[in-house]
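Participant: Sharing a structure here in structure tokens format.
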Amino acid sequence: MAEWDSPAQPHDYPPKIQSPPHLPPLPDRSKTRSPAPPSPPPPNPSENDPSLHPGTYVVQAPKELIFRVPPSQNARLAEEYRRKMQNRQRKCPYSLRFLGCSLSILLAVIFILGLAGGIFYLVVRPGIPSFTVETLAARKLPNKAREQFNLIIRSVNPSFKMGYCYEAGGNAALSHKGREIAAGKTPGYCQGFMSSSSFKLTVEGGNSSGANLADEAASLSLLIQYPVRLKVGGVRVLSMSLDIACDFRVSGLGTTTNRTHNVSRGCSAKMPLI
């Protein structure tokens, strides 16, 4: 057999493992130290000093700083100001509370009155009556140097649930060219809602009042002030004045006696609150 002349290669067991050159070595945790705990805060002098009130802070300043000591009267002025502010704060809530209560009561009263008025108008539906002069008759009174004018006036009440009671004793005046030729008092009567009625109005004047109207188409004006009482559900609730104004023309009024003239002219009426 042939023999190997090459020397035997030595082998080291086990092989050594080396860390890569690019990785840093791991630190030794056994040599690291934990950080020291924080030191406790300095004690508050106010906790140990019984003369300090709660909420008082003690400020420590360096000795190198020199502060000016305020005069003693500043403390007295500050105390007086603090007392004035406290007294003002005590008085203000009462006045504001009274003002708020008064305003609330006033608003409540206004709201209630407005609501009641709205309900009244929706249910009653009041309306101003309308008037029309239908006829006019003139005659001389016997044994008197006076003339009498009789007018028939028709009234219409458009209210849905409200009637009118026209009281006697109102003033009525018949005028021609701004001069009053006759005057009288109104009669009294009651009128229901949504109805019409007629009444007779009599006015008297001097003997020469009709003579001025003999030969011309006279323009006459009738003014009536009627005291009226409102009636709702059979109960008279309110009294007020009704003003009526009528303008119309009549021909040959002074030439005839006891003659009725058809007029049929409307009038204007004014009544407060309606």
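Quick note on naming: the chains in the structure tokens go A, B, ... in the order shown, residues restart at 1 in each chain, and ligands are numbered from 1 in order of appearance.
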For the alpha helix (DSSP H) assignment from backbone DSSP, which residues of region 72-201 of chain A qualify? Please present them as a PyMOL selection string.
Facilitator: chain A and resi 72-124
Participant: From region 60-274 of chain A, collect each residue whose DSSP state is strand (DSSP E) and return the set as number ranges by chain.
Facilitator: A: 130-140, 146-157, 162-166, 171-176, 179-185, 189-191, 195-206, 217-232, 235-251, 259-270
Participant: List the neighbours of region 219-225 of chain A out to 6 Å using only C-alpha atoms; skip same-chain residues closer than 6 positions along the sequence, and give me the result as a PyMOL selection string.
Facilitator: chain A and resi 170-176+242-249
Participant: Using C-alpha atoms, can you write the selected residues to a file as an mmCIF file, in the first residue's frame?
Facilitator:
data_model
loop_
_atom_site.group_PDB
_atom_site.id
_atom_site.type_symbol
_atom_site.label_atom_id
_atom_site.label_comp_id
_atom_site.auth_asym_id
_atom_site.auth_seq_id
_atom_site.Cartn_x
_atom_site.Cartn_y
_atom_site.Cartn_z
ATOM 1 C CA GLY A 170 -127.298 112.365 23.530
ATOM 2 C CA ASN A 171 -126.760 115.565 21.563
ATOM 3 C CA ALA A 172 -127.922 115.993 17.949
ATOM 4 C CA ALA A 173 -127.497 119.082 15.750
ATOM 5 C CA LEU A 174 -128.646 119.847 12.197
ATOM 6 C CA SER A 175 -126.535 122.450 10.363
ATOM 7 C CA HIS A 176 -126.654 124.287 7.051
ATOM 8 C CA LEU A 242 -120.350 107.031 19.543
ATOM 9 C CA ASP A 243 -119.882 109.949 17.123
ATOM 10 C CA ILE A 244 -122.041 109.984 13.967
ATOM 11 C CA ALA A 245 -121.636 112.449 11.073
ATOM 12 C CA CYS A 246 -124.036 112.597 8.093
ATOM 13 C CA ASP A 247 -123.912 114.868 5.015
ATOM 14 C CA PHE A 248 -126.839 114.964 2.546
ATOM 15 C CA ARG A 249 -128.763 117.294 0.183
#
Participant: Skip Arg146 (chain A) itself and residues of its chain fewer than 5 positions away, then list as a PyMOL selection string all residues within 8 Å of it, counting only C-alpha atoms.
Facilitator: chain A and resi 140-141+204-207
Participant: Please write the residues from the selection above to a file, keeping N, CA and C atoms, as an mmCIF file, in the first residue's frame.
Facilitator:
data_model
loop_
_atom_site.group_PDB
_atom_site.id
_atom_site.type_symbol
_atom_site.label_atom_id
_atom_site.label_comp_id
_atom_site.auth_asym_id
_atom_site.auth_seq_id
_atom_site.Cartn_x
_atom_site.Cartn_y
_atom_site.Cartn_z
ATOM 1 N N LYS A 140 -144.006 123.044 10.715
ATOM 2 C CA LYS A 140 -144.068 124.129 11.685
ATOM 3 C C LYS A 140 -144.910 123.689 12.871
ATOM 4 N N LEU A 141 -144.439 123.980 14.041
ATOM 5 C CA LEU A 141 -145.164 123.614 15.248
ATOM 6 C C LEU A 141 -146.320 124.587 15.467
ATOM 7 N N GLU A 204 -135.400 120.556 16.719
ATOM 8 C CA GLU A 204 -136.207 121.763 16.555
ATOM 9 C C GLU A 204 -135.303 122.970 16.408
ATOM 10 N N GLY A 205 -135.830 123.952 15.619
ATOM 11 C CA GLY A 205 -135.088 125.184 15.412
ATOM 12 C C GLY A 205 -136.004 126.377 15.359
ATOM 13 N N GLY A 206 -135.450 127.571 15.098
ATOM 14 C CA GLY A 206 -136.229 128.802 15.024
ATOM 15 C C GLY A 206 -137.121 128.830 13.803
ATOM 16 N N ASN A 207 -138.014 129.832 13.740
ATOM 17 C CA ASN A 207 -138.982 129.934 12.656
ATOM 18 C C ASN A 207 -138.312 130.251 11.338
#
Participant: Skipping near chain neighbours, those fewer than 6 positions away, what residues fall within 9 Å of Arg125 (chain A) using only C-alpha atoms, listed as a ChimeraX atom specification?
Facilitator: /A:158-162
Participant: Between CA of Gly163 (chain A) and CA of Gln191 (chain A), what is the distance, to one decimal in Å?
Facilitator: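 Distance between the two atoms: 5.8 Å.
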